[in-house]
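> What follows is start34.txt, compact mmCIF, C-alpha atoms and all ligand atoms.
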# COMPACT_ATOMS: atom_id res chain seq x y z
CA MET A 1 30.06 12.84 14.81
CA VAL A 2 28.60 15.84 13.03
CA ALA A 3 24.99 16.95 13.45
CA TYR A 4 23.94 17.63 9.86
CA PRO A 5 21.44 20.43 9.34
CA LEU A 6 20.33 18.80 6.06
CA PRO A 7 19.11 15.21 5.54
CA ARG A 8 21.90 13.03 4.21
CA ARG A 9 21.79 9.98 1.96
CA ARG A 10 22.88 6.86 3.80
CA SER A 11 26.10 5.58 2.25
CA ARG A 12 28.52 2.94 3.43
CA THR A 13 31.81 4.01 4.98
CA VAL A 14 35.03 3.46 3.05
CA GLN A 15 38.34 3.97 4.81
CA VAL A 16 41.06 5.81 2.89
CA GLY A 17 44.17 5.71 5.06
CA GLY A 18 43.22 7.58 8.22
CA LEU A 19 40.23 9.26 6.58
CA ALA A 20 36.73 7.80 6.61
CA ILE A 21 34.56 8.68 3.60
CA GLY A 22 30.80 8.11 3.63
CA GLY A 23 28.49 6.97 6.39
CA GLU A 24 28.35 9.65 9.05
CA SER A 25 31.87 10.95 8.40
CA PRO A 26 32.24 14.67 7.76
CA ILE A 27 32.26 15.55 4.07
CA SER A 28 35.90 15.83 3.02
CA VAL A 29 37.61 18.23 0.65
CA GLN A 30 40.00 16.93 -1.99
CA SER A 31 42.28 18.34 -4.60
CA MET A 32 44.82 17.18 -7.15
CA THR A 33 48.40 18.26 -7.77
CA LYS A 34 49.13 20.02 -11.03
CA ILE A 35 52.79 19.34 -11.62
CA PRO A 36 54.64 16.23 -12.81
CA THR A 37 54.43 13.66 -10.03
CA ALA A 38 57.96 12.45 -10.81
CA ASP A 39 59.16 15.91 -9.65
CA MET A 40 58.97 14.78 -6.07
CA GLU A 41 60.15 17.97 -4.36
CA ALA A 42 57.65 20.17 -6.20
CA THR A 43 54.84 17.65 -5.66
CA VAL A 44 55.52 17.44 -1.93
CA ALA A 45 55.65 21.25 -1.69
CA GLN A 46 52.29 21.54 -3.44
CA ILE A 47 50.75 18.90 -1.18
CA HIS A 48 52.07 20.72 1.90
CA ALA A 49 50.33 23.90 0.67
CA LEU A 50 47.12 21.91 0.18
CA GLN A 51 47.36 20.34 3.66
CA GLU A 52 47.85 23.78 5.11
CA ALA A 53 44.69 25.01 3.36
CA GLY A 54 42.58 22.19 4.82
CA CYS A 55 42.76 19.53 2.08
CA HIS A 56 41.81 16.12 3.51
CA LEU A 57 42.91 13.90 0.63
CA VAL A 58 45.15 14.52 -2.37
CA ARG A 59 45.31 12.84 -5.76
CA VAL A 60 48.30 12.71 -8.05
CA ALA A 61 48.35 11.65 -11.69
CA VAL A 62 50.48 8.57 -12.41
CA PRO A 63 51.12 8.67 -16.15
CA ASP A 64 54.32 6.59 -16.19
CA MET A 65 56.60 4.36 -14.12
CA ARG A 66 58.76 7.24 -12.88
CA ALA A 67 55.69 8.81 -11.32
CA ALA A 68 54.57 5.48 -9.85
CA GLU A 69 57.98 4.88 -8.28
CA ALA A 70 57.99 8.34 -6.66
CA LEU A 71 54.76 7.67 -4.75
CA GLY A 72 56.28 6.01 -1.68
CA ALA A 73 58.74 8.82 -1.07
CA ILE A 74 55.98 11.40 -1.54
CA LYS A 75 53.69 9.57 0.85
CA ARG A 76 56.30 9.42 3.59
CA ARG A 77 56.57 13.23 3.57
CA ILE A 78 52.88 14.17 3.74
CA ARG A 79 50.20 13.90 6.41
CA ILE A 80 47.07 13.34 4.29
CA PRO A 81 46.03 10.22 2.35
CA LEU A 82 47.48 9.90 -1.14
CA VAL A 83 45.44 8.78 -4.16
CA ALA A 84 47.06 7.46 -7.34
CA ASP A 85 45.20 8.36 -10.54
CA ILE A 86 45.83 5.62 -13.11
CA HIS A 87 44.50 4.89 -16.56
CA PHE A 88 44.93 1.81 -18.74
CA ASP A 89 48.20 0.35 -17.36
CA TYR A 90 47.74 -2.26 -14.63
CA ARG A 91 51.50 -2.27 -13.90
CA LEU A 92 51.29 1.33 -12.70
CA ALA A 93 48.47 0.33 -10.35
CA LEU A 94 50.48 -2.56 -8.93
CA VAL A 95 53.53 -0.35 -8.35
CA ALA A 96 51.37 2.38 -6.79
CA LEU A 97 49.96 -0.17 -4.35
CA GLU A 98 53.45 -1.44 -3.52
CA GLN A 99 54.48 2.16 -2.88
CA GLY A 100 51.78 2.42 -0.21
CA VAL A 101 49.15 4.73 -1.70
CA ASP A 102 45.88 4.98 0.20
CA LYS A 103 43.48 4.80 -2.73
CA LEU A 104 43.45 4.12 -6.46
CA ARG A 105 41.42 6.13 -8.91
CA LEU A 106 41.05 3.61 -11.68
CA ASN A 107 38.34 2.32 -14.00
CA PRO A 108 38.84 -1.45 -14.14
CA GLY A 109 37.16 -1.78 -17.54
CA ASN A 110 39.96 0.31 -19.03
CA LEU A 111 42.52 -2.37 -18.06
CA ARG A 112 40.66 -4.65 -20.53
CA ASN A 113 42.39 -7.95 -19.76
CA PRO A 114 40.51 -9.78 -16.94
CA GLU A 115 43.83 -11.20 -15.67
CA TYR A 116 45.23 -7.72 -15.18
CA ILE A 117 42.05 -6.60 -13.44
CA GLN A 118 42.23 -9.59 -11.13
CA LEU A 119 45.85 -8.84 -10.23
CA VAL A 120 45.02 -5.23 -9.33
CA VAL A 121 41.89 -6.16 -7.38
CA LYS A 122 43.80 -8.83 -5.41
CA ALA A 123 46.64 -6.43 -4.60
CA ALA A 124 44.17 -3.72 -3.52
CA ARG A 125 42.18 -6.15 -1.40
CA ASP A 126 45.31 -7.58 0.26
CA ARG A 127 46.32 -4.06 1.30
CA ARG A 128 42.74 -2.94 2.08
CA ILE A 129 43.02 -0.12 -0.44
CA PRO A 130 39.78 1.26 -1.93
CA ILE A 131 39.24 2.11 -5.58
CA ARG A 132 37.42 5.16 -6.91
CA ILE A 133 35.60 4.60 -10.12
CA GLY A 134 35.36 7.83 -12.04
CA ALA A 135 32.98 8.07 -14.97
CA ASN A 136 33.69 11.21 -16.93
CA SER A 137 31.55 12.65 -19.71
CA GLY A 138 34.68 13.22 -21.81
CA SER A 139 35.60 9.53 -21.85
CA THR A 140 32.28 7.65 -21.82
CA ASP A 141 32.35 4.49 -23.93
CA PRO A 142 30.88 5.49 -27.36
CA ALA A 143 28.77 2.30 -27.43
CA VAL A 144 27.11 3.36 -24.16
CA ARG A 145 26.89 6.99 -25.25
CA GLU A 146 24.98 6.18 -28.43
CA LYS A 147 22.20 4.43 -26.53
CA TYR A 148 20.91 7.66 -25.04
CA PRO A 149 19.79 11.02 -26.46
CA PHE A 150 22.27 13.90 -26.36
CA THR A 151 20.39 15.72 -23.63
CA PRO A 152 21.44 16.30 -20.01
CA ALA A 153 19.15 13.42 -18.94
CA GLY A 154 20.57 11.15 -21.65
CA ASN A 155 24.13 12.12 -20.85
CA ALA A 156 23.50 11.45 -17.17
CA ARG A 157 22.16 7.98 -17.90
CA ALA A 158 25.18 7.23 -20.08
CA LEU A 159 27.52 8.33 -17.29
CA VAL A 160 25.74 6.15 -14.74
CA GLU A 161 25.64 3.13 -17.05
CA SER A 162 29.33 3.58 -17.74
CA ALA A 163 30.15 3.76 -14.02
CA LEU A 164 27.91 0.76 -13.25
CA GLY A 165 29.82 -1.25 -15.84
CA HIS A 166 33.08 -0.61 -13.96
CA ILE A 167 31.40 -1.15 -10.59
CA ARG A 168 30.06 -4.56 -11.65
CA ILE A 169 33.53 -5.68 -12.68
CA LEU A 170 34.78 -5.02 -9.15
CA GLU A 171 31.66 -6.48 -7.54
CA ASP A 172 32.08 -9.66 -9.60
CA PHE A 173 35.46 -10.04 -7.89
CA GLY A 174 33.74 -9.50 -4.54
CA PHE A 175 35.40 -6.10 -4.17
CA THR A 176 33.18 -3.43 -2.62
CA GLU A 177 35.61 -0.88 -1.18
CA ILE A 178 34.40 1.50 -3.87
CA ILE A 179 33.88 5.24 -4.14
CA VAL A 180 32.15 6.63 -7.22
CA SER A 181 32.32 9.87 -9.15
CA LEU A 182 30.25 10.86 -12.19
CA LYS A 183 31.64 14.04 -13.60
CA ALA A 184 30.35 16.15 -16.44
CA SER A 185 31.39 19.68 -17.28
CA ASP A 186 27.69 20.51 -17.47
CA VAL A 187 25.97 21.22 -14.16
CA ILE A 188 22.56 19.74 -14.98
CA THR A 189 24.05 16.48 -16.28
CA THR A 190 26.21 16.21 -13.18
CA VAL A 191 23.28 16.68 -10.81
CA LEU A 192 21.04 14.22 -12.69
CA ALA A 193 23.80 11.60 -12.85
CA TYR A 194 24.53 11.69 -9.11
CA ARG A 195 20.83 11.48 -8.29
CA LEU A 196 20.52 8.35 -10.43
CA MET A 197 23.60 6.74 -8.90
CA ALA A 198 22.45 7.59 -5.37
CA ALA A 199 19.40 5.43 -6.04
CA GLU A 200 21.46 2.56 -7.54
CA ARG A 201 24.15 1.85 -4.97
CA ASP A 202 25.16 2.89 -1.45
CA TYR A 203 28.83 3.55 -2.24
CA PRO A 204 30.17 6.93 -1.09
CA LEU A 205 29.94 9.58 -3.79
CA HIS A 206 32.77 11.92 -4.71
CA LEU A 207 31.17 15.10 -6.07
CA GLY A 208 32.52 17.45 -8.68
CA VAL A 209 31.73 19.33 -11.85
CA THR A 210 34.66 18.43 -14.03
CA GLU A 211 36.62 20.89 -16.16
CA ALA A 212 34.55 23.66 -14.60
CA GLY A 213 37.02 26.26 -15.88
CA LEU A 214 38.63 29.40 -14.58
CA PRO A 215 37.34 31.30 -11.58
CA PRO A 216 34.79 32.84 -11.33
CA GLU A 217 32.90 30.67 -13.91
CA GLY A 218 34.38 27.48 -12.50
CA LEU A 219 33.53 28.50 -8.96
CA VAL A 220 29.94 29.30 -9.87
CA LYS A 221 29.39 26.06 -11.80
CA SER A 222 30.95 23.98 -9.04
CA SER A 223 29.03 25.76 -6.30
CA ILE A 224 25.72 25.24 -8.05
CA GLY A 225 26.35 21.60 -8.97
CA ILE A 226 28.00 20.45 -5.77
CA GLY A 227 25.83 22.70 -3.61
CA GLN A 228 22.60 21.43 -5.16
CA LEU A 229 23.57 17.81 -4.51
CA LEU A 230 24.78 18.45 -0.97
CA ALA A 231 21.56 20.30 -0.19
CA GLU A 232 19.71 17.14 -1.28
CA GLY A 233 21.89 15.09 1.07
CA ILE A 234 23.94 13.51 -1.74
CA GLY A 235 27.73 13.49 -1.54
CA ASP A 236 30.44 12.30 0.84
CA THR A 237 33.55 14.02 -0.47
CA LEU A 238 34.16 16.69 -3.09
CA ARG A 239 36.63 18.34 -5.37
CA VAL A 240 36.15 21.75 -6.96
CA SER A 241 37.97 21.38 -10.30
CA LEU A 242 39.39 24.75 -11.28
CA THR A 243 41.86 25.94 -13.86
CA ALA A 244 43.78 27.57 -11.03
CA ASP A 245 46.18 26.94 -8.17
CA PRO A 246 44.83 23.80 -6.41
CA VAL A 247 44.83 25.69 -3.10
CA GLU A 248 41.94 27.70 -4.58
CA GLU A 249 40.07 24.42 -5.09
CA VAL A 250 40.42 23.62 -1.39
CA GLU A 251 39.36 27.12 -0.36
CA ALA A 252 36.30 26.83 -2.59
CA GLY A 253 35.42 23.39 -1.21
CA TRP A 254 35.50 24.71 2.32
CA HIS A 255 33.37 27.71 1.37
CA ILE A 256 30.72 25.42 -0.15
CA LEU A 257 30.61 23.20 2.94
CA ARG A 258 30.52 26.15 5.33
CA ALA A 259 27.80 27.90 3.31
CA LEU A 260 25.62 24.81 3.81
CA ASP A 261 26.69 24.43 7.42
CA LEU A 262 28.06 20.97 6.60
CA ARG A 263 31.53 21.51 7.99
CA GLN A 264 32.73 23.49 10.98
CA GLY A 265 36.04 25.26 11.15
CA GLY A 266 37.53 28.57 10.08
CA ILE A 267 36.35 32.13 9.79
CA THR A 268 33.15 33.05 7.99
CA LEU A 269 33.62 36.62 6.87
CA THR A 270 30.51 38.70 6.23
CA SER A 271 31.08 41.99 4.43
CA CYS A 272 28.70 44.40 2.78
CA PRO A 273 28.83 45.08 -0.97
CA THR A 274 29.11 48.84 -0.17
CA CYS A 275 27.03 51.56 -1.78
CA ALA A 276 26.83 55.35 -1.84
CA ARG A 277 26.15 55.33 1.90
CA CYS A 278 29.55 53.82 2.73
CA ASP A 279 31.29 56.01 5.32
CA VAL A 280 34.89 54.74 4.93
CA ASP A 281 37.37 53.66 2.22
CA PHE A 282 36.03 50.13 2.44
CA ASP A 283 37.92 48.10 -0.16
CA PRO A 284 41.41 48.31 1.42
CA ILE A 285 39.89 47.66 4.83
CA ILE A 286 38.13 44.42 3.90
CA ARG A 287 41.09 43.17 1.84
CA ALA A 288 43.48 43.81 4.73
CA VAL A 289 41.14 42.06 7.17
CA LYS A 290 40.88 39.01 4.92
CA ALA A 291 44.63 38.80 4.36
CA ARG A 292 45.53 39.25 8.00
CA LEU A 293 42.97 36.71 9.21
CA ALA A 294 43.98 34.08 6.61
CA PRO A 295 46.52 32.25 8.86
CA LEU A 296 44.04 32.15 11.74
CA ASP A 297 41.30 30.96 9.36
CA ARG A 298 43.47 27.98 8.40
CA ARG A 299 44.40 27.21 11.96
CA LEU A 300 40.76 27.23 13.05
CA ARG A 301 39.87 25.00 10.07
CA ALA A 302 42.42 22.44 11.24
CA GLU A 303 41.06 22.67 14.78
CA GLY A 304 37.41 22.49 13.68
CA ARG A 305 36.60 25.76 15.44
CA SER A 306 34.49 28.45 13.77
CA LEU A 307 34.24 32.21 14.15
CA ARG A 308 31.92 34.68 12.41
CA VAL A 309 33.40 38.07 11.59
CA ALA A 310 31.50 40.97 10.00
CA VAL A 311 32.84 44.12 8.37
CA MET A 312 30.16 46.61 7.35
CA GLY A 313 30.25 49.95 5.54
CA CYS A 314 27.74 52.17 7.30
CA GLU A 315 25.21 52.57 10.07
CA VAL A 316 22.20 51.26 8.10
CA ASN A 317 22.75 47.48 8.17
CA GLY A 318 26.16 47.59 9.81
CA PRO A 319 25.33 47.41 13.52
CA GLY A 320 22.84 44.57 13.02
CA GLU A 321 25.30 42.33 11.14
CA ALA A 322 28.22 43.32 13.39
CA ARG A 323 26.16 42.47 16.47
CA ASP A 324 25.21 39.05 15.08
CA ALA A 325 28.84 38.10 14.42
CA ASP A 326 31.31 36.91 17.06
CA VAL A 327 33.35 40.00 16.26
CA GLY A 328 32.09 42.74 13.97
CA ILE A 329 32.80 46.28 12.99
CA ALA A 330 30.24 48.73 11.63
CA SER A 331 31.56 51.85 9.96
CA GLY A 332 30.47 55.37 10.84
CA VAL A 333 31.86 58.53 9.23
CA HIS A 334 35.64 57.80 9.17
CA LYS A 335 35.33 55.57 12.21
CA GLY A 336 34.33 52.08 13.24
CA ILE A 337 32.20 50.71 16.05
CA LEU A 338 33.63 47.41 17.26
CA PHE A 339 31.32 44.70 18.58
CA ARG A 340 32.11 41.48 20.36
CA HIS A 341 29.30 39.01 20.89
CA GLY A 342 26.76 41.76 20.31
CA GLU A 343 28.23 44.33 22.71
CA VAL A 344 29.95 47.56 21.69
CA ILE A 345 33.50 47.36 23.03
CA ALA A 346 35.25 50.26 21.27
CA ARG A 347 34.98 53.15 18.85
CA VAL A 348 38.08 53.50 16.67
CA PRO A 349 39.19 55.90 13.92
CA GLU A 350 39.10 54.60 10.34
CA GLU A 351 42.89 54.09 10.21
CA ARG A 352 42.73 51.77 13.24
CA MET A 353 39.72 49.72 12.19
CA VAL A 354 41.72 46.82 10.72
CA ASP A 355 44.14 46.56 13.66
CA ALA A 356 41.37 46.74 16.23
CA LEU A 357 39.19 44.15 14.51
CA VAL A 358 42.03 41.69 13.85
CA ALA A 359 43.32 42.01 17.43
CA GLU A 360 39.88 41.29 18.82
CA VAL A 361 39.35 38.25 16.58
CA GLU A 362 42.78 36.87 17.54
CA ALA A 363 42.05 37.47 21.22
CA LEU A 364 38.72 35.67 20.96
CA ALA A 365 40.30 32.76 19.10
CA SER A 366 42.95 32.31 21.76
CA GLU A 367 40.42 32.11 24.59
S1 LIG B 401 25.91 48.34 4.99
FE1 LIG B 401 25.65 50.45 4.38
S2 LIG B 401 27.33 50.81 2.94
FE2 LIG B 401 27.11 48.61 3.12
S3 LIG B 401 25.75 48.11 1.44
FE3 LIG B 401 24.49 48.32 3.25
S4 LIG B 401 23.78 50.43 3.18
FE4 LIG B 401 25.51 50.30 1.75
Using the file provided, produce a representation of the structure as C-alpha cells.

Amino acid sequence: MVAYPLPRRRSRTVQVGGLAIGGESPISVQSMTKIPTADMEATVAQIHALQEAGCHLVRVAVPDMRAAEALGAIKRRIRIPLVADIHFDYRLALVALEQGVDKLRLNPGNLRNPEYIQLVVKAARDRRIPIRIGANSGSTDPAVREKYPFTPAGNARALVESALGHIRILEDFGFTEIIVSLKASDVITTVLAYRLMAAERDYPLHLGVTEAGLPPEGLVKSSIGIGQLLAEGIGDTLRVSLTADPVEEVEAGWHILRALDLRQGGITLTSCPTCARCDVDFDPIIRAVKARLAPLDRRLRAEGRSLRVAVMGCEVNGPGEARDADVGIASGVHKGILFRHGEVIARVPEERMVDALVAEVEALASE
C-alpha cells in the first residue's frame, strides 16, 4: 500500500489481469502502440520497449479481424495486461475476449443493437474482463452535444452525459467492472469533466488530455490537466497522449507521478538551468549523466526504489542542492565537488565529473 501525500478520491478497485486499478492501488501508467496490431512482431517489440520503460498496461487498436486474431499471440509474449481498443463491431470484441485480452476499451452504445451489447457483456462477465468506457470530445453524440453551450463547462457536461449514457447501458446489464475516461484536447474541459464524473460514480478514472500534440506542447498540456486532477485526488490510471514514440508517453507519465510524489521508483534528476556564473561546460555533462543513468533509472522504477541526484553549475546554489540529494555534484571552476548523503566525498576535475557521479550513484543503488 502507498502512503499518498495528497488526499485521494475513493474509487472502487477494478482488476485488469494482474494489475489493480482504483481503490488504494498505486496510480498506473499506460500507453498505446502506434503500429498495425496485425504486425505482431513489431507490436510485441514496441510493447517490450514500453514494459522496459515502466508501462503498467498497454492498449492496442483492433480495427479489423486480422488485428483481433493476433491478440492471443501478442499477449503470450508480453508481461503487462493487454487492452483491446474496439469501436462499433461487436464481433471484434468477442474475438478479442476469446484471445484472452485483459480489458476492452469499448463504448457499448456504439454497438447499437442490444443483442450485440448483451453478447459482449456476457462474454466479458464470464471471463471477468473489465470494460473502459471512453468519452471523447471528438466523437460526442451530436444530440448530446447540442444540449449544452460550446464552452469548456458545456463541453465537459456533454462529455459526462455521453459517458453516463454508455455506463448506464452496462449497469442495466448488471455489469460494473467499469473504468471511465473523459478526454478532451482542451485542458479546462478535461479537468471540469473529470470533476463532474468523480461526483457521479465511484468507478476508477483513467486520466488523459487527448490529442495533446507534439512535445513540448503535448507534455505541458498533459502535465497541467493530469497534474491538476491528481493534485485534487482524482485519477487512478493515466495516459499521456503524445504525437511521439509511445515510450515518451510512459516517461512523461512517470515524471508527472514522481513530481506529485504519487509513485516511487527511479531517479529524480535535479539540474540547474545554468547562467553566467556556471563554472563548467554544463550541457554535455548533464546530458551524459542523464544518458548513462537511464538504464539504472528504469531498473529502479521496476523495483520501486528511488534516488535523488543533483548536478549543479556553480558554488552559489550548487552545494545546497547537491547536499540535499542522495548523490550530488556542485561545480567549481573546472572541477566538481561530489556529495553523498550530504557529505563531501571527493573533488574531481571537470573531465571526471560524469564518471565520478555515475559511479557513485551506481554504487549507492547496489547497496
Ligand atoms: S547553480 Fe549557479 S550556475 Fe546554476 S543557475 Fe544557479 S547560479 Fe547559475
> At most 9 Å is the cut-off: for each residue in stretch 200-231 of chain A with any atom that close to an atom of stretch 21-25 of chain A, write down the nearest atom pair and the distance in Å rounded to one decimal, counting all atoms listed in the file, chain first then increasing number, as CSV.

residue,atom,partner,partner_atom,distance
A:Tyr203,CA,A:Gly22,CA,7.7
A:Pro204,CA,A:Gly22,CA,4.9
A:Leu205,CA,A:Gly22,CA,7.6
> In Å, how far is it from atom CA of A:Thr274 to atom CA of A:Gly318?
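So the two atoms, atom CA of A:Thr274 and atom CA of A:Gly318, lie 10.5 Å apart.
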> What is the distance between atom CA of A:Glu177 and atom CA of A:Ala231, in Å to one decimal?
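About the pair atom CA of A:Glu177 and atom CA of A:Ala231: they are 25.4 Å apart.
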> Can you work out which one of A:Val358, A:Ala302, A:Thr270, A:Gly165 has the shortest atom-to-atom distance to ligand LIG 401 (chain B), counting all atoms listed in the file?
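Result for the nearest residue to ligand LIG 401 (chain B): A:Thr270.
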> Go ahead and compute the interatomic distance for atom CA of A:Arg79 and atom CA of A:Gly225, in Å to one decimal.
29.4 Å
> Please write out the residues within 8 Å of ligand LIG 401 (chain B) as a PyMOL selection string, counting all atoms listed in the file.
chain A and resi 271-279+312-318+330
> Excluding A:Glu249 and any residue of its chain fewer than 3 positions from it, enumerate the residues within 10 Å of it, using only C-alpha atoms, and give them as a PDB file with C-alpha atoms, in the frame of the given file.

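The resulting file, around.pdb, is reproduced below:
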ATOM      1  CA  VAL A  29      37.610  18.230   0.650  1.00  0.00           C
ATOM      2  CA  GLN A  30      40.000  16.930  -1.990  1.00  0.00           C
ATOM      3  CA  SER A  31      42.280  18.340  -4.600  1.00  0.00           C
ATOM      4  CA  MET A  32      44.820  17.180  -7.150  1.00  0.00           C
ATOM      5  CA  LEU A  50      47.120  21.910   0.180  1.00  0.00           C
ATOM      6  CA  ALA A  53      44.690  25.010   3.360  1.00  0.00           C
ATOM      7  CA  CYS A  55      42.760  19.530   2.080  1.00  0.00           C
ATOM      8  CA  PRO A 215      37.340  31.300 -11.580  1.00  0.00           C
ATOM      9  CA  GLY A 218      34.380  27.480 -12.500  1.00  0.00           C
ATOM     10  CA  LEU A 219      33.530  28.500  -8.960  1.00  0.00           C
ATOM     11  CA  SER A 222      30.950  23.980  -9.040  1.00  0.00           C
ATOM     12  CA  LEU A 238      34.160  16.690  -3.090  1.00  0.00           C
ATOM     13  CA  ARG A 239      36.630  18.340  -5.370  1.00  0.00           C
ATOM     14  CA  VAL A 240      36.150  21.750  -6.960  1.00  0.00           C
ATOM     15  CA  SER A 241      37.970  21.380 -10.300  1.00  0.00           C
ATOM     16  CA  LEU A 242      39.390  24.750 -11.280  1.00  0.00           C
ATOM     17  CA  THR A 243      41.860  25.940 -13.860  1.00  0.00           C
ATOM     18  CA  ALA A 244      43.780  27.570 -11.030  1.00  0.00           C
ATOM     19  CA  ASP A 245      46.180  26.940  -8.170  1.00  0.00           C
ATOM     20  CA  PRO A 246      44.830  23.800  -6.410  1.00  0.00           C
ATOM     21  CA  ALA A 252      36.300  26.830  -2.590  1.00  0.00           C
ATOM     22  CA  GLY A 253      35.420  23.390  -1.210  1.00  0.00           C
ATOM     23  CA  TRP A 254      35.500  24.710   2.320  1.00  0.00           C
ATOM     24  CA  HIS A 255      33.370  27.710   1.370  1.00  0.00           C
TER      25      HIS A 255
END
> Pick the closest to A:Glu52 from A:Asp102, A:Asp172, A:Glu303, A:Glu343: which is it, counting all atoms listed in the file?
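Result for the nearest residue to A:Glu52: A:Glu303.
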> Closest to A:Ala156 among A:Phe88, A:Tyr194, A:Phe339, A:Phe173, using all atoms listed in the file?
A:Tyr194
> Would you mind telling me which residue in A:Ala163, A:Leu300, A:Leu364, A:Ala73 lies nearest to A:Gly134 when using all atoms listed in the file?
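Checking each of A:Ala163, A:Leu300, A:Leu364, A:Ala73 against A:Gly134, counting all atoms listed in the file, the winner is A:Ala163.
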> So that I can check the surroundings of A:Leu357, please list as number ranges by chain every protein, DNA and RNA residue that reaches within 8 Å of it, counting all atoms listed in the file and ignoring chain neighbours fewer than 5 positions away.
A: 289, 327-329, 338
> Quick one: residues within 9 Å of A:Asp141, only C-alpha atoms, excluding same-chain residues fewer than 3 positions away - as a list in words?
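My reading of the contact set: Val144, Arg145, Glu146, Ala158 and Ser162 of chain A.
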> Choose the residue, out of A:Val58, A:Ala45, A:Arg12, A:Leu296, that has the smallest atom-to-atom separation from A:Val250; count only C-alpha atoms.
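With only C-alpha atoms as the atom set, the closest residue is A:Val58.
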> Near A:Leu196, within 12 Å and counting only C-alpha atoms, which residues show up once chain neighbours fewer than 4 positions away are dropped, as a PyMOL selection string?
chain A and resi 153-161+163-164+181-182+189-192+200-202+205+229+234
> Check the smallest atom-to-atom distance from each of A:Gly235, A:Pro81, A:Pro130, A:Gly304 to A:Arg105 using only C-alpha atoms, then report the winner.
A:Pro130
